[in-house]
Amino acid sequence: MTPQEILKKYWGFDSFRPLQHEIIDAVLNQKDCLALLPTGGGKSLCYQVPAVLNEGICLVVSPLLSLMADQVDGLRSRGIKAMAVNSFMSRKQIDRALDNAIYGGFKLLYVSPERLRTELFIERFKKMNVSLIAVDEAHCISQWGYDFRPSYLTIGELRELKPEVPVLALTATATELVVNDILQTLSIRDNLVFRQSYARTNLSIIVQMMEDKKTFLRKKLTKLEGSSIVYARSRLKCQEIAEFLQQRGIPAQYYHAGLSHTGRQKKQEQWAKGKNTCMVATNAFGMGIDKADVRMVIHIDLPDSIEAYYQEAGRAGRDGKESESLILCSDSDQRKLVDNFNRSFPPESEIREVYDKICNHFQITLNSGLNETRLFDLGAFANKYALKKSGVMNCLKQLHSEGFIELSEGLVQPSRVKVVSKNRSGQTADQESLQNIMDYLLRAYSGIIDNPCHINEDEIARNLNILPELLKKRLNYLTQSEYLEYHPSSDLPAITFLMNRIDTKQLNLGSSFGKRKETAQKRIDSVLTIIREVNGCRMNMVLNYFGEEAKEKCGKCDLCLGMNRILTKSESKDLKLAIDQFFSKKKTVDLSEIADCFPGYSKKQVIEICRELLADGVLEFDRTKLILCAKS
Ligand code: ADP
Ligand code: MG
C-alpha cells in the first residue's frame, strides 16, 4: 500500500497536509530528519503512517502521559496495534508489555523518556525489531529550549544501540540554537530538516497597553463571532474571569491543572462543541486541542517565552480564516513577569531543603528510591511542612529540570486492590459483609493475591447491593486490618525519583542551573523587547526570533496598522478635525466608547487628542458621569 492509501484506509483523510508526504517519504527511505511543523500541523501522522507501513515497531518518545494515552486509544480505535509504557505500571506490567512489543505484532510503542534509562527497557529494546524512533516534542532535548527535560538526552544513547534505525524528531517551536541541539544530540544524519515557515498569514498580532482588561474583554467578546481562548497565569484568575464573563452573558468556561481529569475533559469537550464559546485557561490548556473556529486568542498576562506565546496564539485560525492574537498588557505586568522569573529560580538552599523534605515525606532513605513513583498532594505537603505551595512547586520544577525527579501532571490512576492475606492465620474477616467483599474480590479477579488489580467500586457495590461509599469504607477497613491493600483512584500529580536519594550536601545544582537561568532570562527579555517595540512588524519580530528571515511586513499587526504610534502632525490635525465634526453632530459620548467611534485610530491616540481639545476648551468633561461633550 502507498502512504496515501494508508491515510485513507485508517484515517479516512483524502490528502496530506503540507510537508507530511515529504517527511513520510524520507522516513520510508530510511533517512533521519527533523520536522518543524506548527501546532496542529499533523506531526503524529508523520510517524504513524510509516509505522503502519513498516515491518517491526515504531518507538515513540513523548513527554506527556495523558497525551500518550489519548494517542494510543485513538490508534486502537482505528485498528492499529499500539501501546504505552508509563511510570504508573508495575515492573511486572512493564515486563509483560515489553514482551508483547517484541512478539505481539504491535506497530507503535509509546514510552516516556524516563523509561528509556531503565535496564529493563534497554534489554528489551535490543531484542525489538524497531522500524523507527520518533521523538515527539523534540525541543525538550535542548537546554536552550523552553521545556528542557534531561531524560531526553538518553535518546541519543539509545540510538547508539541501533544505529541503523532512522530517527524522526518533531517539534512545533525551535529557535536555531535548539534546532542545532536536536540535530547533534540525536545524531541526525545529513542534518535533514523539514521546515514550514512559522508565518501565519491569517493571524494579526495586536499588543494593547491597558489597565482595565476586564471591561475590554467583555466588550471584545460580546462582539466576537466565533470561539476564543483567554490565557491567564493563575488558576484563581481563570475562574474569576470566566465567572465575570458568564454573568455578562458570554458563554465562558475555565480550565486549569487543578481541576480533576474528568472535570477538565468535560470542560474541554463542551468548549470544543460550542459555537461561540470562550475558554479562560492557564497554559495547561492546549495540548491536543483541535478546534477550527477559534477567532481570537487573548493573553491577559504576559507569557514567559515567545515559544509558549506563539504556540498558544497559533490555536487561533486553524481553519485558515482571519484571526486575532491579542496581548493585553499593563506596566505592572512587565514587572510581574520579571518577579515571576526570579521566583521560578529559587536559591539553591531552598531547593535543597525541599528535596530533603520530599524524601522524608515519602520515607525514602539515603541511597534508595531510584524509579519510585509516588502520588503527590502538594497542598497536604505544603501544609505539613509549613511551606508555600508556589514555592514548593518552583523548587520541584528545578529538581525536575536537573533530572533528580520527574514531575508528571495529574493523571487518572484507577483504584487498585491486592489481597494480602486470604485467610490470615486461621482468622477470616469477622463480619459477614466483610467476608462477602473478600469472597467477591477473590472470585471476580483472578491473580488478585499476587497482583494489584484495577477495580471499579461502583460496579462491585452494585453487584454486592451496597452503597459505593460503604464499600469504600469497608475496603479501607480491610486494608487497616491487613487483609487488603486498597489504593483508591486519584488524579494527583506524581513524582518519580530518577536517582537514589543523595545527601543534600552533595546535591549540586552547579553550572547547568546557572545556564538555564541565563537562557530563561533571555527568553523573558525577548518577550519584553517584542512587547515594547514601537516600530517594525510584530509578526516579523516573532519570525526573526525563530531564525526566519521575513520578507515583507504582515500588514495587520498593531504596529503595521499604526495603532499605537504617536501620530504625525498632519495625522493629529485630521483626527482633531474628525472629533470636532463628530461633536458638532452628537453632543455627548461615554468616555469608554469614544475610541470605538474612530476606527483606524487607537484608544490612546483618540484620548490624547480629546485631552488636547479639552485643554483648548473645545470639549468638556463630566467626571461624575465620565462623559465628554461639546462645549456650548
Ligand atoms: P500536531 O502534533 O502537529 O500538533 P496532530 O498530529 O495532533 O498535530 O494533528 C492535529 C489534527 O490534524 C488531528 O486531529 C489530525 O487528525 C489532523 N490531521 C493530521 N493530518 C491530517 C490530514 N492529512 N488531513 C486531515 N486531517 C489531518
Ligand atoms: Mg503533537
# chains A, B, ... in the order shown; residues from 1 in each chain; ligands from 1

$ select_by_dssp --residues "region 368-483 of chain A" --states "strand (DSSP E or B)" --output "JSON, numbers by chain"
{"A": [373, 374, 375, 405, 406, 407, 408, 413, 416, 417, 418, 419, 453, 454]}

$ write_last_selection --atoms "all heavy atoms" --output "CSV table (one decimal), in the first residue's frame"
chain,number,residue,atom,x,y,z
A,373,THR,N,7.8,5.8,42.1
A,373,THR,CA,6.8,6.8,41.7
A,373,THR,C,5.7,6.9,42.8
A,373,THR,O,5.2,6.0,43.3
A,373,THR,CB,6.1,6.4,40.4
A,373,THR,OG1,7.0,6.3,39.4
A,373,THR,CG2,5.0,7.3,40.1
A,374,ARG,N,5.5,8.2,43.3
A,374,ARG,CA,4.5,8.4,44.3
A,374,ARG,C,3.6,9.5,43.9
A,374,ARG,O,4.0,10.5,43.3
A,374,ARG,CB,5.2,8.8,45.6
A,374,ARG,CG,6.3,7.9,46.1
A,374,ARG,CD,5.7,6.6,46.7
A,374,ARG,NE,6.7,5.7,47.1
A,374,ARG,CZ,7.4,5.7,48.3
A,374,ARG,NH1,7.1,6.7,49.1
A,374,ARG,NH2,8.3,4.9,48.5
A,375,LEU,N,2.3,9.3,44.3
A,375,LEU,CA,1.3,10.4,44.1
A,375,LEU,C,1.6,11.5,45.0
A,375,LEU,O,2.0,11.3,46.2
A,375,LEU,CB,-0.1,9.9,44.3
A,375,LEU,CG,-0.5,8.8,43.3
A,375,LEU,CD1,-1.9,8.2,43.7
A,375,LEU,CD2,-0.6,9.5,41.9
A,405,ILE,N,14.2,14.4,39.9
A,405,ILE,CA,12.9,13.8,39.9
A,405,ILE,C,12.2,14.1,38.6
A,405,ILE,O,12.6,14.9,37.8
A,405,ILE,CB,12.1,14.4,41.1
A,405,ILE,CG1,11.9,15.9,40.8
A,405,ILE,CG2,12.7,14.1,42.4
A,405,ILE,CD1,10.8,16.5,41.7
A,406,GLU,N,11.1,13.3,38.4
A,406,GLU,CA,10.2,13.6,37.3
A,406,GLU,C,8.9,14.0,37.9
A,406,GLU,O,8.4,13.4,38.8
A,406,GLU,CB,10.0,12.3,36.5
A,406,GLU,CG,9.8,12.5,35.1
A,406,GLU,CD,8.5,12.3,34.5
A,406,GLU,OE1,7.9,11.2,34.7
A,406,GLU,OE2,8.0,13.3,33.9
A,407,LEU,N,8.4,15.1,37.4
A,407,LEU,CA,7.1,15.6,37.9
A,407,LEU,C,6.1,15.5,36.8
A,407,LEU,O,6.3,16.1,35.8
A,407,LEU,CB,7.4,17.1,38.2
A,407,LEU,CG,6.4,17.9,39.1
A,407,LEU,CD1,6.3,17.3,40.5
A,407,LEU,CD2,6.9,19.3,39.2
A,408,SER,N,5.1,14.6,37.0
A,408,SER,CA,4.2,14.5,35.9
A,408,SER,C,2.8,15.1,36.3
A,408,SER,O,2.5,15.1,37.5
A,408,SER,CB,4.0,13.0,35.5
A,408,SER,OG,3.7,12.3,36.6
A,413,GLN,N,-5.4,7.5,37.8
A,413,GLN,CA,-4.9,6.3,38.3
A,413,GLN,C,-6.1,5.5,38.8
A,413,GLN,O,-6.7,5.9,39.8
A,413,GLN,CB,-3.9,6.6,39.4
A,413,GLN,CG,-3.5,5.4,40.3
A,413,GLN,CD,-2.5,4.6,39.6
A,413,GLN,OE1,-2.4,4.4,38.4
A,413,GLN,NE2,-1.6,4.0,40.5
A,416,ARG,N,-7.0,0.4,42.8
A,416,ARG,CA,-6.4,-0.9,42.8
A,416,ARG,C,-6.6,-1.6,44.1
A,416,ARG,O,-6.6,-1.0,45.2
A,416,ARG,CB,-4.9,-0.8,42.5
A,416,ARG,CG,-4.5,-0.4,41.1
A,416,ARG,CD,-3.1,0.2,41.1
A,416,ARG,NE,-3.0,1.3,42.0
A,416,ARG,CZ,-1.9,1.6,42.6
A,416,ARG,NH1,-0.8,0.9,42.4
A,416,ARG,NH2,-1.9,2.6,43.4
A,417,VAL,N,-6.7,-2.9,44.0
A,417,VAL,CA,-6.8,-3.7,45.2
A,417,VAL,C,-5.9,-5.0,45.1
A,417,VAL,O,-5.8,-5.5,44.0
A,417,VAL,CB,-8.2,-4.2,45.5
A,417,VAL,CG1,-8.3,-5.3,46.5
A,417,VAL,CG2,-9.1,-3.0,45.9
A,418,LYS,N,-5.2,-5.3,46.2
A,418,LYS,CA,-4.5,-6.6,46.2
A,418,LYS,C,-4.9,-7.3,47.5
A,418,LYS,O,-5.0,-6.6,48.5
A,418,LYS,CB,-3.0,-6.2,46.2
A,418,LYS,CG,-2.1,-7.4,46.3
A,418,LYS,CD,-0.6,-6.8,46.1
A,418,LYS,CE,0.4,-7.6,46.8
A,418,LYS,NZ,1.7,-7.1,46.7
A,419,VAL,N,-5.1,-8.6,47.4
A,419,VAL,CA,-5.4,-9.3,48.6
A,419,VAL,C,-4.0,-9.7,49.3
A,419,VAL,O,-3.2,-10.3,48.6
A,419,VAL,CB,-6.2,-10.5,48.3
A,419,VAL,CG1,-6.4,-11.4,49.6
A,419,VAL,CG2,-7.6,-10.1,47.8
A,453,CYS,N,-5.1,-5.4,41.4
A,453,CYS,CA,-6.0,-5.4,40.2
A,453,CYS,C,-6.7,-4.1,40.2
A,453,CYS,O,-7.1,-3.6,41.2
A,453,CYS,CB,-7.0,-6.5,40.3
A,453,CYS,SG,-6.3,-8.2,40.1
A,454,HIS,N,-7.0,-3.6,39.0
A,454,HIS,CA,-7.8,-2.4,38.9
A,454,HIS,C,-9.3,-2.8,39.1
A,454,HIS,O,-9.8,-3.7,38.6
A,454,HIS,CB,-7.7,-1.8,37.4
A,454,HIS,CG,-6.4,-1.3,37.2
A,454,HIS,ND1,-5.9,-0.9,35.9
A,454,HIS,CD2,-5.3,-1.0,38.0
A,454,HIS,CE1,-4.7,-0.5,36.0
A,454,HIS,NE2,-4.3,-0.5,37.2

$ residues_near_ligand --ligand "ligand 1" --cutoff "9 Å" --atoms "only C-alpha atoms and all ligand atoms" --output "ChimeraX atom specification"
/A:7,11-18,20-21,36-46,71,136-137,170-172,287-291

$ write_last_selection --atoms "N, CA and C atoms" --output "tab-separated table (two decimals), in the first residue's frame"
chain	number	residue	atom	x	y	z
A	7	LEU	N	-3.39	6.44	4.60
A	7	LEU	CA	-4.06	7.63	5.13
A	7	LEU	C	-5.57	7.51	4.98
A	11	TRP	N	-7.34	6.53	8.44
A	11	TRP	CA	-7.77	7.82	8.99
A	11	TRP	C	-8.94	8.43	8.21
A	12	GLY	N	-9.17	7.93	7.00
A	12	GLY	CA	-10.26	8.46	6.20
A	12	GLY	C	-9.96	9.83	5.61
A	13	PHE	N	-8.69	10.27	5.64
A	13	PHE	CA	-8.35	11.57	5.05
A	13	PHE	C	-7.96	11.38	3.59
A	14	ASP	N	-8.28	12.40	2.78
A	14	ASP	CA	-8.03	12.28	1.34
A	14	ASP	C	-6.63	12.71	0.94
A	15	SER	N	-6.09	13.70	1.64
A	15	SER	CA	-4.79	14.18	1.19
A	15	SER	C	-3.92	14.56	2.38
A	16	PHE	N	-2.63	14.65	2.11
A	16	PHE	CA	-1.70	15.03	3.16
A	16	PHE	C	-1.67	16.54	3.32
A	17	ARG	N	-1.30	16.98	4.47
A	17	ARG	CA	-1.09	18.41	4.70
A	17	ARG	C	0.32	18.74	4.24
A	18	PRO	N	0.62	20.04	4.12
A	18	PRO	CA	1.94	20.43	3.64
A	18	PRO	C	3.05	19.73	4.43
A	20	GLN	N	3.78	16.76	5.11
A	20	GLN	CA	3.58	15.41	5.66
A	20	GLN	C	4.12	14.35	4.71
A	21	HIS	N	3.78	14.50	3.43
A	21	HIS	CA	4.18	13.49	2.46
A	21	HIS	C	5.70	13.42	2.33
A	36	LEU	N	9.77	20.36	11.49
A	36	LEU	CA	9.26	21.53	12.22
A	36	LEU	C	7.92	21.90	11.61
A	37	LEU	N	6.86	21.46	12.26
A	37	LEU	CA	5.52	21.78	11.76
A	37	LEU	C	4.77	22.50	12.86
A	38	PRO	N	3.90	23.45	12.49
A	38	PRO	CA	3.20	24.19	13.53
A	38	PRO	C	2.28	23.27	14.33
A	39	THR	N	1.89	23.73	15.50
A	39	THR	CA	0.91	23.00	16.31
A	39	THR	C	-0.32	22.74	15.46
A	40	GLY	N	-0.77	21.51	15.46
A	40	GLY	CA	-1.93	21.16	14.65
A	40	GLY	C	-1.58	20.88	13.21
A	41	GLY	N	-0.30	20.94	12.89
A	41	GLY	CA	0.13	20.70	11.51
A	41	GLY	C	0.06	19.23	11.11
A	42	GLY	N	-0.14	18.37	12.12
A	42	GLY	CA	-0.27	16.95	11.81
A	42	GLY	C	1.04	16.20	11.92
A	43	LYS	N	1.76	16.44	13.00
A	43	LYS	CA	3.05	15.78	13.18
A	43	LYS	C	2.88	14.28	13.45
A	44	SER	N	1.85	13.91	14.20
A	44	SER	CA	1.71	12.50	14.59
A	44	SER	C	1.65	11.57	13.38
A	45	LEU	N	0.91	12.01	12.36
A	45	LEU	CA	0.78	11.13	11.19
A	45	LEU	C	2.12	10.87	10.52
A	46	CYS	N	3.06	11.77	10.69
A	46	CYS	CA	4.36	11.61	10.04
A	46	CYS	C	5.09	10.36	10.52
A	71	GLN	N	-3.45	9.13	22.42
A	71	GLN	CA	-2.98	8.68	21.10
A	71	GLN	C	-3.16	7.18	20.95
A	136	ASP	N	8.84	12.92	19.79
A	136	ASP	CA	7.85	14.00	19.76
A	136	ASP	C	8.30	15.10	20.73
A	137	GLU	N	7.88	16.32	20.47
A	137	GLU	CA	8.26	17.47	21.29
A	137	GLU	C	9.78	17.49	21.48
A	170	LEU	N	10.36	15.60	16.04
A	170	LEU	CA	9.27	16.51	15.68
A	170	LEU	C	9.08	17.59	16.73
A	171	THR	N	8.86	18.81	16.28
A	171	THR	CA	8.51	19.87	17.21
A	171	THR	C	7.82	21.01	16.47
A	172	ALA	N	7.12	21.84	17.24
A	172	ALA	CA	6.43	22.97	16.62
A	172	ALA	C	7.26	24.24	16.74
A	287	MET	N	-2.52	21.32	24.76
A	287	MET	CA	-2.10	20.11	24.10
A	287	MET	C	-3.31	19.34	23.58
A	288	GLY	N	-3.27	19.02	22.33
A	288	GLY	CA	-4.33	18.17	21.78
A	288	GLY	C	-5.62	18.88	21.46
A	289	ILE	N	-5.68	20.21	21.62
A	289	ILE	CA	-6.93	20.85	21.21
A	289	ILE	C	-6.88	21.16	19.73
A	290	ASP	N	-7.99	20.98	19.12
A	290	ASP	CA	-8.00	20.99	17.67
A	290	ASP	C	-9.34	21.58	17.23
A	291	LYS	N	-9.58	22.84	17.60
A	291	LYS	CA	-10.86	23.45	17.26
A	291	LYS	C	-10.62	24.43	16.13

$ residues_around --residues "Phe376 (chain A)" --least-positions-apart "6" --cutoff "12 Å" --atoms "only C-alpha atoms" --output "number ranges by chain"
A: 358-359, 361-362, 382, 392-393, 396, 406-411, 490-496

$ residues_around --residues "region 594-607 of chain A" --least-positions-apart "2" --cutoff "10 Å" --atoms "only C-alpha atoms" --output "list in words"
Gln208, Met209, Met210, Asp558, Leu561, Gly562, Met563, Asn564, Arg565, Ile566, Leu567, Ser572, Leu575, Lys576, Ala578, Ile579, Phe582, Thr588, Val589, Asp590, Leu591, Ser592, Ile609, Cys610, Arg611, Glu612, Leu613, Ile627 and Leu628 of chain A

$ select_by_dssp --residues "region 125-228 of chain A" --states "helix (DSSP H, G or I)" --output "ChimeraX atom specification"
/A:125-127,138-141,150-161,176-185,189-191,213-223

$ residues_around --residues "Val135 (chain A)" --least-positions-apart "2" --cutoff "10 Å" --atoms "only C-alpha atoms" --output "list in words"
Leu34, Tyr47, Leu59, Val60, Val61, Ser62, Pro63, Pro113, Leu132, Ile133, Glu137, Ala138, His139, Cys140, Ile141, Tyr152, Ile155, Val167, Leu168, Ala169, Leu170, Thr171 and Leu186 of chain A

$ residues_around --residues "region 233-245 of chain A" --least-positions-apart "5" --cutoff "7 Å" --atoms "only C-alpha atoms" --output "ChimeraX atom specification"
/A:218,250,252-254,256,280-282,301

$ closest_residue --among "A:Gly263, A:Asn500, A:Ala520, A:Ala134" --to "ligand 2" --atoms "only C-alpha atoms and all ligand atoms"
A:Ala134

$ decode --residues "region 20-54 of chain A" --atoms "N, CA and C atoms" --output "PDB file, in the first residue's frame"
ATOM      1  N   GLN A  20       3.784  16.759   5.112  1.00  0.00           N
ATOM      2  CA  GLN A  20       3.585  15.410   5.663  1.00  0.00           C
ATOM      3  C   GLN A  20       4.118  14.346   4.708  1.00  0.00           C
ATOM      4  N   HIS A  21       3.779  14.498   3.433  1.00  0.00           N
ATOM      5  CA  HIS A  21       4.178  13.486   2.456  1.00  0.00           C
ATOM      6  C   HIS A  21       5.697  13.418   2.332  1.00  0.00           C
ATOM      7  N   GLU A  22       6.328  14.578   2.251  1.00  0.00           N
ATOM      8  CA  GLU A  22       7.780  14.635   2.120  1.00  0.00           C
ATOM      9  C   GLU A  22       8.465  13.976   3.322  1.00  0.00           C
ATOM     10  N   ILE A  23       7.938  14.263   4.503  1.00  0.00           N
ATOM     11  CA  ILE A  23       8.546  13.698   5.713  1.00  0.00           C
ATOM     12  C   ILE A  23       8.373  12.177   5.729  1.00  0.00           C
ATOM     13  N   ILE A  24       7.190  11.733   5.397  1.00  0.00           N
ATOM     14  CA  ILE A  24       6.915  10.288   5.387  1.00  0.00           C
ATOM     15  C   ILE A  24       7.817   9.585   4.367  1.00  0.00           C
ATOM     16  N   ASP A  25       7.980  10.193   3.198  1.00  0.00           N
ATOM     17  CA  ASP A  25       8.870   9.617   2.185  1.00  0.00           C
ATOM     18  C   ASP A  25      10.292   9.477   2.699  1.00  0.00           C
ATOM     19  N   ALA A  26      10.761  10.527   3.351  1.00  0.00           N
ATOM     20  CA  ALA A  26      12.133  10.489   3.884  1.00  0.00           C
ATOM     21  C   ALA A  26      12.271   9.347   4.887  1.00  0.00           C
ATOM     22  N   VAL A  27      11.275   9.231   5.772  1.00  0.00           N
ATOM     23  CA  VAL A  27      11.327   8.176   6.787  1.00  0.00           C
ATOM     24  C   VAL A  27      11.314   6.798   6.122  1.00  0.00           C
ATOM     25  N   LEU A  28      10.457   6.641   5.125  1.00  0.00           N
ATOM     26  CA  LEU A  28      10.366   5.340   4.451  1.00  0.00           C
ATOM     27  C   LEU A  28      11.658   5.011   3.693  1.00  0.00           C
ATOM     28  N   ASN A  29      12.382   6.048   3.311  1.00  0.00           N
ATOM     29  CA  ASN A  29      13.683   5.826   2.666  1.00  0.00           C
ATOM     30  C   ASN A  29      14.822   5.740   3.675  1.00  0.00           C
ATOM     31  N   GLN A  30      14.461   5.474   4.933  1.00  0.00           N
ATOM     32  CA  GLN A  30      15.461   5.253   5.988  1.00  0.00           C
ATOM     33  C   GLN A  30      16.308   6.481   6.284  1.00  0.00           C
ATOM     34  N   LYS A  31      15.779   7.680   6.002  1.00  0.00           N
ATOM     35  CA  LYS A  31      16.538   8.897   6.312  1.00  0.00           C
ATOM     36  C   LYS A  31      16.181   9.376   7.719  1.00  0.00           C
ATOM     37  N   ASP A  32      17.142  10.000   8.385  1.00  0.00           N
ATOM     38  CA  ASP A  32      16.824  10.684   9.640  1.00  0.00           C
ATOM     39  C   ASP A  32      16.333  12.068   9.279  1.00  0.00           C
ATOM     40  N   CYS A  33      15.410  12.608  10.063  1.00  0.00           N
ATOM     41  CA  CYS A  33      15.097  14.021   9.825  1.00  0.00           C
ATOM     42  C   CYS A  33      14.448  14.698  11.019  1.00  0.00           C
ATOM     43  N   LEU A  34      14.479  16.015  10.958  1.00  0.00           N
ATOM     44  CA  LEU A  34      13.799  16.842  11.952  1.00  0.00           C
ATOM     45  C   LEU A  34      12.653  17.540  11.235  1.00  0.00           C
ATOM     46  N   ALA A  35      11.443  17.398  11.778  1.00  0.00           N
ATOM     47  CA  ALA A  35      10.268  18.026  11.171  1.00  0.00           C
ATOM     48  C   ALA A  35       9.787  19.160  12.056  1.00  0.00           C
ATOM     49  N   LEU A  36       9.772  20.362  11.491  1.00  0.00           N
ATOM     50  CA  LEU A  36       9.264  21.526  12.219  1.00  0.00           C
ATOM     51  C   LEU A  36       7.924  21.901  11.607  1.00  0.00           C
ATOM     52  N   LEU A  37       6.858  21.460  12.255  1.00  0.00           N
ATOM     53  CA  LEU A  37       5.523  21.785  11.757  1.00  0.00           C
ATOM     54  C   LEU A  37       4.770  22.504  12.858  1.00  0.00           C
ATOM     55  N   PRO A  38       3.905  23.453  12.485  1.00  0.00           N
ATOM     56  CA  PRO A  38       3.204  24.190  13.531  1.00  0.00           C
ATOM     57  C   PRO A  38       2.275  23.271  14.331  1.00  0.00           C
ATOM     58  N   THR A  39       1.885  23.729  15.501  1.00  0.00           N
ATOM     59  CA  THR A  39       0.913  23.004  16.306  1.00  0.00           C
ATOM     60  C   THR A  39      -0.320  22.737  15.456  1.00  0.00           C
ATOM     61  N   GLY A  40      -0.767  21.506  15.463  1.00  0.00           N
ATOM     62  CA  GLY A  40      -1.931  21.164  14.654  1.00  0.00           C
ATOM     63  C   GLY A  40      -1.575  20.883  13.210  1.00  0.00           C
ATOM     64  N   GLY A  41      -0.297  20.941  12.893  1.00  0.00           N
ATOM     65  CA  GLY A  41       0.130  20.701  11.515  1.00  0.00           C
ATOM     66  C   GLY A  41       0.055  19.235  11.111  1.00  0.00           C
ATOM     67  N   GLY A  42      -0.142  18.372  12.116  1.00  0.00           N
ATOM     68  CA  GLY A  42      -0.270  16.954  11.811  1.00  0.00           C
ATOM     69  C   GLY A  42       1.039  16.204  11.918  1.00  0.00           C
ATOM     70  N   LYS A  43       1.762  16.444  13.003  1.00  0.00           N
ATOM     71  CA  LYS A  43       3.052  15.776  13.183  1.00  0.00           C
ATOM     72  C   LYS A  43       2.876  14.281  13.450  1.00  0.00           C
ATOM     73  N   SER A  44       1.845  13.913  14.197  1.00  0.00           N
ATOM     74  CA  SER A  44       1.711  12.499  14.588  1.00  0.00           C
ATOM     75  C   SER A  44       1.651  11.574  13.382  1.00  0.00           C
ATOM     76  N   LEU A  45       0.912  12.009  12.359  1.00  0.00           N
ATOM     77  CA  LEU A  45       0.776  11.134  11.188  1.00  0.00           C
ATOM     78  C   LEU A  45       2.116  10.867  10.518  1.00  0.00           C
ATOM     79  N   CYS A  46       3.058  11.772  10.685  1.00  0.00           N
ATOM     80  CA  CYS A  46       4.363  11.610  10.035  1.00  0.00           C
ATOM     81  C   CYS A  46       5.092  10.360  10.519  1.00  0.00           C
ATOM     82  N   TYR A  47       4.824   9.922  11.753  1.00  0.00           N
ATOM     83  CA  TYR A  47       5.423   8.644  12.165  1.00  0.00           C
ATOM     84  C   TYR A  47       4.405   7.510  12.196  1.00  0.00           C
ATOM     85  N   GLN A  48       3.117   7.872  12.356  1.00  0.00           N
ATOM     86  CA  GLN A  48       2.117   6.806  12.437  1.00  0.00           C
ATOM     87  C   GLN A  48       1.934   6.100  11.096  1.00  0.00           C
ATOM     88  N   VAL A  49       1.931   6.855  10.004  1.00  0.00           N
ATOM     89  CA  VAL A  49       1.763   6.223   8.690  1.00  0.00           C
ATOM     90  C   VAL A  49       2.946   5.292   8.381  1.00  0.00           C
ATOM     91  N   PRO A  50       4.206   5.748   8.522  1.00  0.00           N
ATOM     92  CA  PRO A  50       5.312   4.809   8.314  1.00  0.00           C
ATOM     93  C   PRO A  50       5.256   3.612   9.264  1.00  0.00           C
ATOM     94  N   ALA A  51       4.804   3.851  10.502  1.00  0.00           N
ATOM     95  CA  ALA A  51       4.732   2.742  11.467  1.00  0.00           C
ATOM     96  C   ALA A  51       3.825   1.637  10.944  1.00  0.00           C
ATOM     97  N   VAL A  52       2.711   2.032  10.342  1.00  0.00           N
ATOM     98  CA  VAL A  52       1.769   1.038   9.816  1.00  0.00           C
ATOM     99  C   VAL A  52       2.381   0.326   8.617  1.00  0.00           C
ATOM    100  N   LEU A  53       3.067   1.077   7.780  1.00  0.00           N
ATOM    101  CA  LEU A  53       3.623   0.509   6.545  1.00  0.00           C
ATOM    102  C   LEU A  53       4.821  -0.406   6.791  1.00  0.00           C
ATOM    103  N   ASN A  54       5.629  -0.044   7.794  1.00  0.00           N
ATOM    104  CA  ASN A  54       6.880  -0.766   8.015  1.00  0.00           C
ATOM    105  C   ASN A  54       6.679  -2.058   8.783  1.00  0.00           C
TER     106      ASN A  54
END
